[in-house]
Amino acid sequence: MTAIYPSSYYAASANQQQDRPSLSSSISADVCVIGAGYTGLSTALHLAERGFSVVVLEASRIGFGASGRNGGQIVHSYSRDMDFIERHYGQKTANAMGKMAFEGGRIIRRLVDQYHIQCDLKDGGIFAACNQKQLHELEAKKALWEQHGHQQLDMLDAHQVREYVGTERYEGALLDHSGGHIHPLNLALGEATAIESLGGQIFEDSPVVDIQQGPKAVVKTANGQVTANFVMVAGNAYLTGLLPKLQQKAMPCGTQVITTAPLSPELQHQLLPKDHCVEDCNYLLDYFRLSGDGRLIYGGGVTYGAREPDKVEALIRPKMLKTFPMLKDVKIDYAWTGNFLLTLMRLPQFGRIGDNIYYAQGYSGHGVTSTHLAGELIASAIQGQAERFDVMASLPQYPFPGGRLMRIPYTAMGAFYYDMRDKLGI
């Protein structure tokens, strides 16, 4: 029996709900992809476009994890920006990653257009500053991104930002005209359909139990197996026991989202007059946008170690009302949580195991665009053009200090420190 999506607005408004079969035989393919989130789907689709035969194995449902439960915002770059990368890894690496930092959003738009994916794609993204320190940091971000070729940016002062966001909270913002937002689960489902239209096979309810390495790898599930020239591991926060050494390099974390009942057109316009998505600049940031049917989707907060909060609505609703007090009488129709994967350096982890097993994970909150970039890089590497993949794979992958026992409290202490700095504006 196929797994059921967790309750969320996205699951309730998904375009298609057909079940795909579980793997129950021995088959072969050029590439076996483990995981049908954005990383796996993007990899499989880019490979299928290049003529490879592809099999995707998903333990639950397509987009079951963060890919189908996230805030739905197209945000460029990485969780750490190019100035951080240059300081820690050198200018050559920063320049190479800078050339790729804005590619993920373009890939999403190409796939949506080429495969006619209905996912409520809307243009425009706002980075909102809660204080003058953050506003100066946004000015620096604008200069940095322009240095790396991204020119579709405008600074907004305290008066101008109110033309985009109906709140008094922000002292200014950076407007990214090439940002945007989507229905994330419908994007994943559309990409799955595109893979199948090109001859790829997708099996749901097929958790992988073993990978046998060799010139031809064998990927085993409970009732079947795939023999493949290459394997791509894209389990991210839901890898669970398959490759313990890979899991030790990152930590699952939870984020929470609520969705209101449909709002009147007048109230929608009052909240977000231009229908852009918004994220603030706090370390534990808030993010929000309007859905295709006029609801406010509002998310924020982090639970380290992917613990489930008792009441997501009780956690997030006060954040929403701080931004939009006019919503105090609006009903919350959906509340949910989902896991993403955090790395110590807040940069994604790419690599190979042996000669023919690839992996990518740990986007640290910037997964919507970075996962789509990952699929392109891995497909190119499997095709024999690995230069750009190797840039990402060259980044050191450190374990969290304190091991499994202490990594959660240490990380939570760090988050508390940065959260207090945000509140004090220092």
# chains A, B, ... in the order shown; residues from 1 in each chain; ligands from 1
$ select_by_dssp --residues "stretch 60-181 of chain A" --states "alpha helix (DSSP H)" --output "ChimeraX atom specification"
/A:82-89,91-100,103-114,132-147,158-161
$ write_last_selection --atoms "N, CA and C atoms" --output "compact mmCIF listing (two decimals), in the first residue's frame"
# COMPACT_ATOMS: atom_id res chain seq x y z
N MET A 82 28.64 34.07 -1.51
CA MET A 82 29.96 33.94 -2.14
C MET A 82 31.08 34.62 -1.36
N ASP A 83 30.77 35.65 -0.56
CA ASP A 83 31.81 36.27 0.25
C ASP A 83 32.32 35.30 1.32
N PHE A 84 31.42 34.56 1.94
CA PHE A 84 31.81 33.52 2.90
C PHE A 84 32.64 32.45 2.21
N ILE A 85 32.19 32.02 1.04
CA ILE A 85 32.91 30.97 0.30
C ILE A 85 34.32 31.44 -0.06
N GLU A 86 34.44 32.70 -0.48
CA GLU A 86 35.76 33.21 -0.84
C GLU A 86 36.68 33.25 0.38
N ARG A 87 36.16 33.69 1.54
CA ARG A 87 37.00 33.76 2.74
C ARG A 87 37.50 32.39 3.17
N HIS A 88 36.66 31.38 3.01
CA HIS A 88 37.01 30.06 3.54
C HIS A 88 37.65 29.15 2.51
N TYR A 89 37.33 29.33 1.22
CA TYR A 89 37.78 28.36 0.22
C TYR A 89 38.49 29.00 -0.97
N GLN A 91 39.16 32.52 -3.82
CA GLN A 91 38.44 33.26 -4.84
C GLN A 91 38.06 32.38 -6.03
N LYS A 92 38.91 31.44 -6.40
CA LYS A 92 38.61 30.59 -7.54
C LYS A 92 37.33 29.79 -7.30
N THR A 93 37.22 29.20 -6.11
CA THR A 93 36.01 28.43 -5.79
C THR A 93 34.79 29.35 -5.71
N ALA A 94 34.95 30.52 -5.11
CA ALA A 94 33.84 31.47 -5.01
C ALA A 94 33.37 31.92 -6.39
N ASN A 95 34.29 32.18 -7.28
CA ASN A 95 33.90 32.61 -8.64
C ASN A 95 33.17 31.49 -9.38
N ALA A 96 33.67 30.27 -9.23
CA ALA A 96 33.02 29.14 -9.90
C ALA A 96 31.62 28.90 -9.35
N MET A 97 31.48 28.98 -8.02
CA MET A 97 30.15 28.80 -7.45
C MET A 97 29.25 29.98 -7.73
N GLY A 98 29.83 31.17 -7.83
CA GLY A 98 29.05 32.35 -8.18
C GLY A 98 28.42 32.25 -9.55
N LYS A 99 29.11 31.61 -10.48
CA LYS A 99 28.56 31.44 -11.83
C LYS A 99 27.37 30.48 -11.84
N MET A 100 27.27 29.63 -10.81
CA MET A 100 26.17 28.67 -10.72
C MET A 100 25.06 29.11 -9.78
N GLU A 103 21.50 29.78 -11.24
CA GLU A 103 21.07 28.87 -12.31
C GLU A 103 19.84 28.05 -11.92
N GLY A 104 19.70 27.73 -10.64
CA GLY A 104 18.61 26.87 -10.22
C GLY A 104 17.24 27.43 -10.56
N GLY A 105 17.07 28.73 -10.34
CA GLY A 105 15.79 29.36 -10.67
C GLY A 105 15.49 29.31 -12.15
N ARG A 106 16.52 29.49 -12.96
CA ARG A 106 16.32 29.41 -14.42
C ARG A 106 15.94 28.00 -14.84
N ILE A 107 16.53 26.99 -14.18
CA ILE A 107 16.18 25.61 -14.50
C ILE A 107 14.71 25.36 -14.16
N ILE A 108 14.26 25.82 -13.00
CA ILE A 108 12.86 25.63 -12.63
C ILE A 108 11.95 26.25 -13.68
N ARG A 109 12.22 27.46 -14.08
CA ARG A 109 11.36 28.13 -15.06
C ARG A 109 11.38 27.40 -16.41
N ARG A 110 12.54 26.88 -16.80
CA ARG A 110 12.59 26.13 -18.06
C ARG A 110 11.73 24.88 -17.98
N LEU A 111 11.84 24.14 -16.88
CA LEU A 111 11.08 22.91 -16.75
C LEU A 111 9.57 23.19 -16.71
N VAL A 112 9.18 24.22 -15.98
CA VAL A 112 7.77 24.59 -15.91
C VAL A 112 7.23 24.93 -17.28
N ASP A 113 8.01 25.70 -18.05
CA ASP A 113 7.57 26.11 -19.38
C ASP A 113 7.59 24.94 -20.36
N GLN A 114 8.68 24.18 -20.37
CA GLN A 114 8.85 23.12 -21.37
C GLN A 114 7.86 21.97 -21.17
N GLN A 132 18.35 48.43 10.76
CA GLN A 132 19.31 49.09 9.89
C GLN A 132 20.52 48.21 9.59
N LYS A 133 20.94 47.42 10.57
CA LYS A 133 22.06 46.51 10.33
C LYS A 133 21.74 45.56 9.18
N GLN A 134 20.56 44.97 9.19
CA GLN A 134 20.17 44.06 8.12
C GLN A 134 20.04 44.79 6.79
N LEU A 135 19.59 46.03 6.82
CA LEU A 135 19.47 46.80 5.58
C LEU A 135 20.84 47.03 4.95
N HIS A 136 21.83 47.34 5.77
CA HIS A 136 23.20 47.51 5.25
C HIS A 136 23.72 46.18 4.69
N GLU A 137 23.37 45.08 5.35
CA GLU A 137 23.79 43.77 4.84
C GLU A 137 23.13 43.47 3.49
N LEU A 138 21.91 43.90 3.31
CA LEU A 138 21.24 43.70 2.01
C LEU A 138 21.89 44.55 0.92
N GLU A 139 22.33 45.74 1.27
CA GLU A 139 23.05 46.56 0.29
C GLU A 139 24.34 45.86 -0.14
N ALA A 140 25.01 45.23 0.83
CA ALA A 140 26.22 44.47 0.50
C ALA A 140 25.89 43.24 -0.34
N LYS A 141 24.76 42.58 -0.04
CA LYS A 141 24.35 41.43 -0.84
C LYS A 141 24.09 41.84 -2.28
N LYS A 142 23.42 42.96 -2.47
CA LYS A 142 23.15 43.45 -3.82
C LYS A 142 24.45 43.64 -4.59
N ALA A 143 25.42 44.30 -3.96
CA ALA A 143 26.71 44.53 -4.62
C ALA A 143 27.42 43.20 -4.92
N LEU A 144 27.34 42.26 -3.98
CA LEU A 144 27.99 40.96 -4.16
C LEU A 144 27.35 40.20 -5.32
N TRP A 145 26.04 40.13 -5.35
CA TRP A 145 25.35 39.39 -6.41
C TRP A 145 25.59 40.05 -7.77
N GLU A 146 25.62 41.36 -7.80
CA GLU A 146 25.89 42.05 -9.07
C GLU A 146 27.32 41.77 -9.54
N GLN A 147 28.23 41.65 -8.59
CA GLN A 147 29.61 41.29 -8.93
C GLN A 147 29.69 39.93 -9.61
N ALA A 158 12.29 52.30 3.48
CA ALA A 158 11.19 51.96 4.37
C ALA A 158 9.83 52.33 3.78
N HIS A 159 9.78 53.40 3.01
CA HIS A 159 8.53 53.78 2.36
C HIS A 159 8.22 52.86 1.19
N GLN A 160 9.21 52.56 0.36
CA GLN A 160 8.99 51.74 -0.84
C GLN A 160 8.60 50.31 -0.49
N VAL A 161 9.15 49.77 0.59
CA VAL A 161 8.86 48.37 0.90
C VAL A 161 7.38 48.18 1.23
$ atom_distance --atom1 "atom CA of A:Ile297" --atom2 "atom CA of A:Gly71"
7.5 Å
$ closest_residue --among "A:Lys216, A:Arg289, A:His366, A:Arg352" --to "A:Pro273" --atoms "only C-alpha atoms"
A:Arg289
$ select_by_dssp --residues "stretch 34-267 of chain A" --states "strand (DSSP E or B)" --output "count of residues only"
63
$ residues_around --residues "A:Thr337" --least-positions-apart "6" --cutoff "7 Å" --atoms "only C-alpha atoms" --output "VMD selection string"
chain A and resid 254 to 257
$ write_last_selection --atoms "all heavy atoms" --output "compact mmCIF listing (two decimals), in the first residue's frame"
# COMPACT_ATOMS: atom_id res chain seq x y z
N GLY A 254 13.68 20.56 11.49
CA GLY A 254 12.30 20.77 11.09
C GLY A 254 11.97 22.24 10.97
O GLY A 254 12.49 23.07 11.72
N THR A 255 11.13 22.57 10.01
CA THR A 255 10.58 23.92 9.92
C THR A 255 9.07 23.81 9.84
O THR A 255 8.55 22.77 9.45
CB THR A 255 11.16 24.67 8.70
OG1 THR A 255 10.72 26.04 8.74
CG2 THR A 255 10.71 24.04 7.40
N GLN A 256 8.37 24.87 10.24
CA GLN A 256 6.93 24.80 10.41
C GLN A 256 6.22 25.81 9.50
O GLN A 256 6.71 26.93 9.31
CB GLN A 256 6.55 25.07 11.87
CG GLN A 256 7.11 24.06 12.85
CD GLN A 256 8.56 24.30 13.21
OE1 GLN A 256 9.00 25.42 13.37
NE2 GLN A 256 9.32 23.22 13.30
N VAL A 257 5.06 25.43 9.02
CA VAL A 257 4.31 26.27 8.09
C VAL A 257 2.83 26.21 8.46
O VAL A 257 2.31 25.15 8.83
CB VAL A 257 4.49 25.79 6.63
CG1 VAL A 257 3.84 26.79 5.66
CG2 VAL A 257 5.96 25.60 6.28
$ closest_atom_pairs --of "stretch 268-377 of chain A" --to "stretch 36-60 of chain A" --cutoff "7 Å" --atoms "only C-alpha atoms" --output "tab-separated table"
residue	atom	partner	partner_atom	distance
A:Thr371	CA	A:Thr39	CA	4.6
A:His372	CA	A:Ser42	CA	5.4
A:Ala374	CA	A:Thr39	CA	6.4
A:Gly375	CA	A:Thr43	CA	3.6
A:Glu376	CA	A:His46	CA	6.0
$ atom_distance --atom1 "atom CA of A:Leu121" --atom2 "atom CA of A:His181"
5.8 Å
$ residues_around --residues "A:Met392" --least-positions-apart "4" --cutoff "8 Å" --atoms "only C-alpha atoms" --output "PDB file with C-alpha atoms, in the first residue's frame"
ATOM      1  CA  MET A  97      30.152  28.796  -7.445  1.00  0.00           C
ATOM      2  CA  PRO A 348      25.535  21.655   0.189  1.00  0.00           C
ATOM      3  CA  GLN A 349      27.508  18.429   0.158  1.00  0.00           C
ATOM      4  CA  PHE A 350      28.261  16.793  -3.203  1.00  0.00           C
ATOM      5  CA  GLY A 351      30.438  13.766  -3.720  1.00  0.00           C
ATOM      6  CA  ARG A 388      31.250  21.958 -12.204  1.00  0.00           C
TER       7      ARG A 388
END
$ closest_atom_pairs --of "stretch 159-219 of chain A" --to "stretch 323-336 of chain A" --cutoff "9 Å" --atoms "only C-alpha atoms" --output "tab-separated table"
residue	atom	partner	partner_atom	distance
A:Gly166	CA	A:Phe324	CA	7.5
A:Thr167	CA	A:Thr323	CA	6.0
A:Glu168	CA	A:Thr323	CA	7.7
A:Arg169	CA	A:Thr323	CA	6.4
$ residues_around --residues "stretch 9-21 of chain A" --least-positions-apart "5" --cutoff "7 Å" --atoms "only C-alpha atoms" --output "PDB file with N, CA, C and O atoms, in the first residue's frame"
ATOM      1  N   THR A   2       0.592   2.177  -0.881  1.00  0.00           N
ATOM      2  CA  THR A   2       1.419   3.366  -1.013  1.00  0.00           C
ATOM      3  C   THR A   2       1.258   4.286   0.193  1.00  0.00           C
ATOM      4  O   THR A   2       0.163   4.468   0.718  1.00  0.00           O
ATOM      5  N   ARG A  69       6.853  20.108   0.969  1.00  0.00           N
ATOM      6  CA  ARG A  69       6.310  20.755   2.175  1.00  0.00           C
ATOM      7  C   ARG A  69       6.962  22.095   2.482  1.00  0.00           C
ATOM      8  O   ARG A  69       6.700  22.696   3.521  1.00  0.00           O
ATOM      9  N   HIS A 183       3.956  26.337  -6.121  1.00  0.00           N
ATOM     10  CA  HIS A 183       3.359  25.262  -5.315  1.00  0.00           C
ATOM     11  C   HIS A 183       4.364  24.120  -5.359  1.00  0.00           C
ATOM     12  O   HIS A 183       4.509  23.450  -6.384  1.00  0.00           O
ATOM     13  N   LEU A 185       4.800  21.009  -4.146  1.00  0.00           N
ATOM     14  CA  LEU A 185       4.439  19.622  -4.422  1.00  0.00           C
ATOM     15  C   LEU A 185       3.993  19.464  -5.871  1.00  0.00           C
ATOM     16  O   LEU A 185       4.355  18.476  -6.535  1.00  0.00           O
ATOM     17  N   ASN A 186       3.261  20.426  -6.383  1.00  0.00           N
ATOM     18  CA  ASN A 186       2.842  20.337  -7.782  1.00  0.00           C
ATOM     19  C   ASN A 186       4.027  20.445  -8.732  1.00  0.00           C
ATOM     20  O   ASN A 186       4.023  19.850  -9.812  1.00  0.00           O
ATOM     21  N   PHE A 203       9.171   4.357  -9.049  1.00  0.00           N
ATOM     22  CA  PHE A 203       8.514   3.420  -8.145  1.00  0.00           C
ATOM     23  C   PHE A 203       8.380   4.064  -6.770  1.00  0.00           C
ATOM     24  O   PHE A 203       9.380   4.506  -6.181  1.00  0.00           O
ATOM     25  N   GLU A 204       7.156   4.143  -6.269  1.00  0.00           N
ATOM     26  CA  GLU A 204       6.903   4.651  -4.931  1.00  0.00           C
ATOM     27  C   GLU A 204       6.838   3.483  -3.942  1.00  0.00           C
ATOM     28  O   GLU A 204       6.855   2.319  -4.333  1.00  0.00           O
ATOM     29  N   THR A 259      -1.158  27.779   6.965  1.00  0.00           N
ATOM     30  CA  THR A 259      -1.853  28.363   5.822  1.00  0.00           C
ATOM     31  C   THR A 259      -3.237  28.801   6.274  1.00  0.00           C
ATOM     32  O   THR A 259      -3.971  28.037   6.899  1.00  0.00           O
ATOM     33  N   TYR A 334      -4.520  24.930   7.681  1.00  0.00           N
ATOM     34  CA  TYR A 334      -3.506  23.867   7.629  1.00  0.00           C
ATOM     35  C   TYR A 334      -2.287  24.283   8.446  1.00  0.00           C
ATOM     36  O   TYR A 334      -1.908  25.462   8.481  1.00  0.00           O
TER      37      TYR A 334
END
$ closest_residue --among "A:His76, A:His150, A:Lys274, A:Arg61" --to "A:Asp123" --atoms "only C-alpha atoms"
A:Lys274
$ closest_residue --among "A:Gln212, A:Gln270, A:Gln151, A:Gln361" --to "A:Val233" --atoms "only C-alpha atoms"
A:Gln361
$ decode --residues "stretch 273-286 of chain A" --atoms "all heavy atoms" --output "CSV table (one decimal), in the first residue's frame"
chain,number,residue,atom,x,y,z
A,273,PRO,N,0.7,43.5,-2.0
A,273,PRO,CA,0.1,44.2,-3.2
A,273,PRO,C,0.6,43.7,-4.5
A,273,PRO,O,-0.1,43.7,-5.5
A,273,PRO,CB,0.4,45.7,-2.9
A,273,PRO,CG,0.6,45.8,-1.5
A,273,PRO,CD,1.2,44.5,-1.0
A,274,LYS,N,1.9,43.3,-4.6
A,274,LYS,CA,2.5,42.9,-5.8
A,274,LYS,C,2.5,41.3,-5.9
A,274,LYS,O,3.0,40.8,-6.9
A,274,LYS,CB,3.9,43.4,-5.9
A,274,LYS,CG,4.1,44.9,-5.7
A,274,LYS,CD,3.5,45.7,-6.8
A,274,LYS,CE,3.8,47.2,-6.6
A,274,LYS,NZ,3.3,48.1,-7.6
A,275,ASP,N,2.0,40.6,-4.9
A,275,ASP,CA,2.0,39.2,-4.9
A,275,ASP,C,3.4,38.5,-5.0
A,275,ASP,O,3.6,37.5,-5.5
A,275,ASP,CB,1.1,38.6,-6.1
A,275,ASP,CG,0.6,37.2,-5.8
A,275,ASP,OD1,0.8,36.7,-4.7
A,275,ASP,OD2,0.0,36.6,-6.7
A,276,HIS,N,4.4,39.2,-4.4
A,276,HIS,CA,5.7,38.7,-4.3
A,276,HIS,C,5.8,37.8,-3.0
A,276,HIS,O,5.0,38.0,-2.1
A,276,HIS,CB,6.8,39.8,-4.2
A,276,HIS,CG,6.9,40.5,-5.5
A,276,HIS,ND1,6.2,40.2,-6.6
A,276,HIS,CD2,7.8,41.6,-5.8
A,276,HIS,CE1,6.6,41.0,-7.6
A,276,HIS,NE2,7.5,41.9,-7.1
A,277,CYS,N,6.8,36.9,-3.0
A,277,CYS,CA,7.1,36.2,-1.7
A,277,CYS,C,8.1,37.0,-0.9
A,277,CYS,O,8.8,37.9,-1.5
A,277,CYS,CB,7.7,34.8,-2.0
A,277,CYS,SG,9.2,34.8,-3.0
A,278,VAL,N,8.1,36.7,0.4
A,278,VAL,CA,8.9,37.5,1.3
A,278,VAL,C,9.6,36.6,2.3
A,278,VAL,O,9.1,35.6,2.7
A,278,VAL,CB,8.1,38.5,2.1
A,278,VAL,CG1,8.9,39.4,3.1
A,278,VAL,CG2,7.3,39.4,1.2
A,279,GLU,N,10.9,36.9,2.6
A,279,GLU,CA,11.6,36.3,3.7
A,279,GLU,C,12.3,37.4,4.4
A,279,GLU,O,12.8,38.4,3.8
A,279,GLU,CB,12.5,35.2,3.3
A,279,GLU,CG,13.7,35.6,2.5
A,279,GLU,CD,14.7,34.4,2.3
A,279,GLU,OE1,14.3,33.4,1.7
A,279,GLU,OE2,15.8,34.6,2.8
A,280,ASP,N,12.3,37.4,5.8
A,280,ASP,CA,13.1,38.4,6.5
A,280,ASP,C,14.6,38.0,6.6
A,280,ASP,O,15.0,36.9,6.1
A,280,ASP,CB,12.5,38.8,7.8
A,280,ASP,CG,12.5,37.6,8.9
A,280,ASP,OD1,13.5,36.9,8.9
A,280,ASP,OD2,11.6,37.6,9.7
A,281,CYS,N,15.4,38.8,7.3
A,281,CYS,CA,16.8,38.6,7.3
A,281,CYS,C,17.3,38.0,8.6
A,281,CYS,O,18.5,38.0,8.9
A,281,CYS,CB,17.6,39.8,6.9
A,281,CYS,SG,17.2,40.4,5.3
A,282,ASN,N,16.4,37.6,9.5
A,282,ASN,CA,16.8,37.1,10.8
A,282,ASN,C,17.4,35.7,10.6
A,282,ASN,O,17.1,35.0,9.6
A,282,ASN,CB,15.6,37.0,11.7
A,282,ASN,CG,15.1,38.3,12.2
A,282,ASN,OD1,15.9,39.3,12.3
A,282,ASN,ND2,13.8,38.4,12.5
A,283,TYR,N,18.2,35.3,11.6
A,283,TYR,CA,18.9,34.0,11.5
A,283,TYR,C,17.8,32.9,11.5
A,283,TYR,O,17.8,31.9,10.7
A,283,TYR,CB,19.8,33.8,12.7
A,283,TYR,CG,20.6,32.5,12.6
A,283,TYR,CD1,21.8,32.4,11.9
A,283,TYR,CD2,20.2,31.4,13.4
A,283,TYR,CE1,22.5,31.2,11.8
A,283,TYR,CE2,20.9,30.2,13.4
A,283,TYR,CZ,22.1,30.2,12.6
A,283,TYR,OH,22.8,29.0,12.5
A,284,LEU,N,16.8,33.0,12.4
A,284,LEU,CA,15.7,32.1,12.4
A,284,LEU,C,14.5,32.9,11.7
A,284,LEU,O,13.7,33.6,12.4
A,284,LEU,CB,15.3,31.8,13.9
A,284,LEU,CG,16.3,31.0,14.7
A,284,LEU,CD1,15.9,30.7,16.1
A,284,LEU,CD2,16.7,29.7,14.0
A,285,LEU,N,14.5,32.8,10.4
A,285,LEU,CA,13.7,33.8,9.7
A,285,LEU,C,12.3,33.4,9.5
A,285,LEU,O,11.9,32.2,9.7
A,285,LEU,CB,14.4,33.9,8.3
A,285,LEU,CG,14.6,32.7,7.4
A,285,LEU,CD1,13.3,32.3,6.6
A,285,LEU,CD2,15.7,32.9,6.4
A,286,ASP,N,11.4,34.4,9.2
A,286,ASP,CA,10.1,34.2,8.8
A,286,ASP,C,10.0,34.3,7.3
A,286,ASP,O,10.8,35.0,6.7
A,286,ASP,CB,9.1,35.2,9.4
A,286,ASP,CG,8.9,35.0,10.9
A,286,ASP,OD1,9.5,34.1,11.5
A,286,ASP,OD2,8.1,35.8,11.5
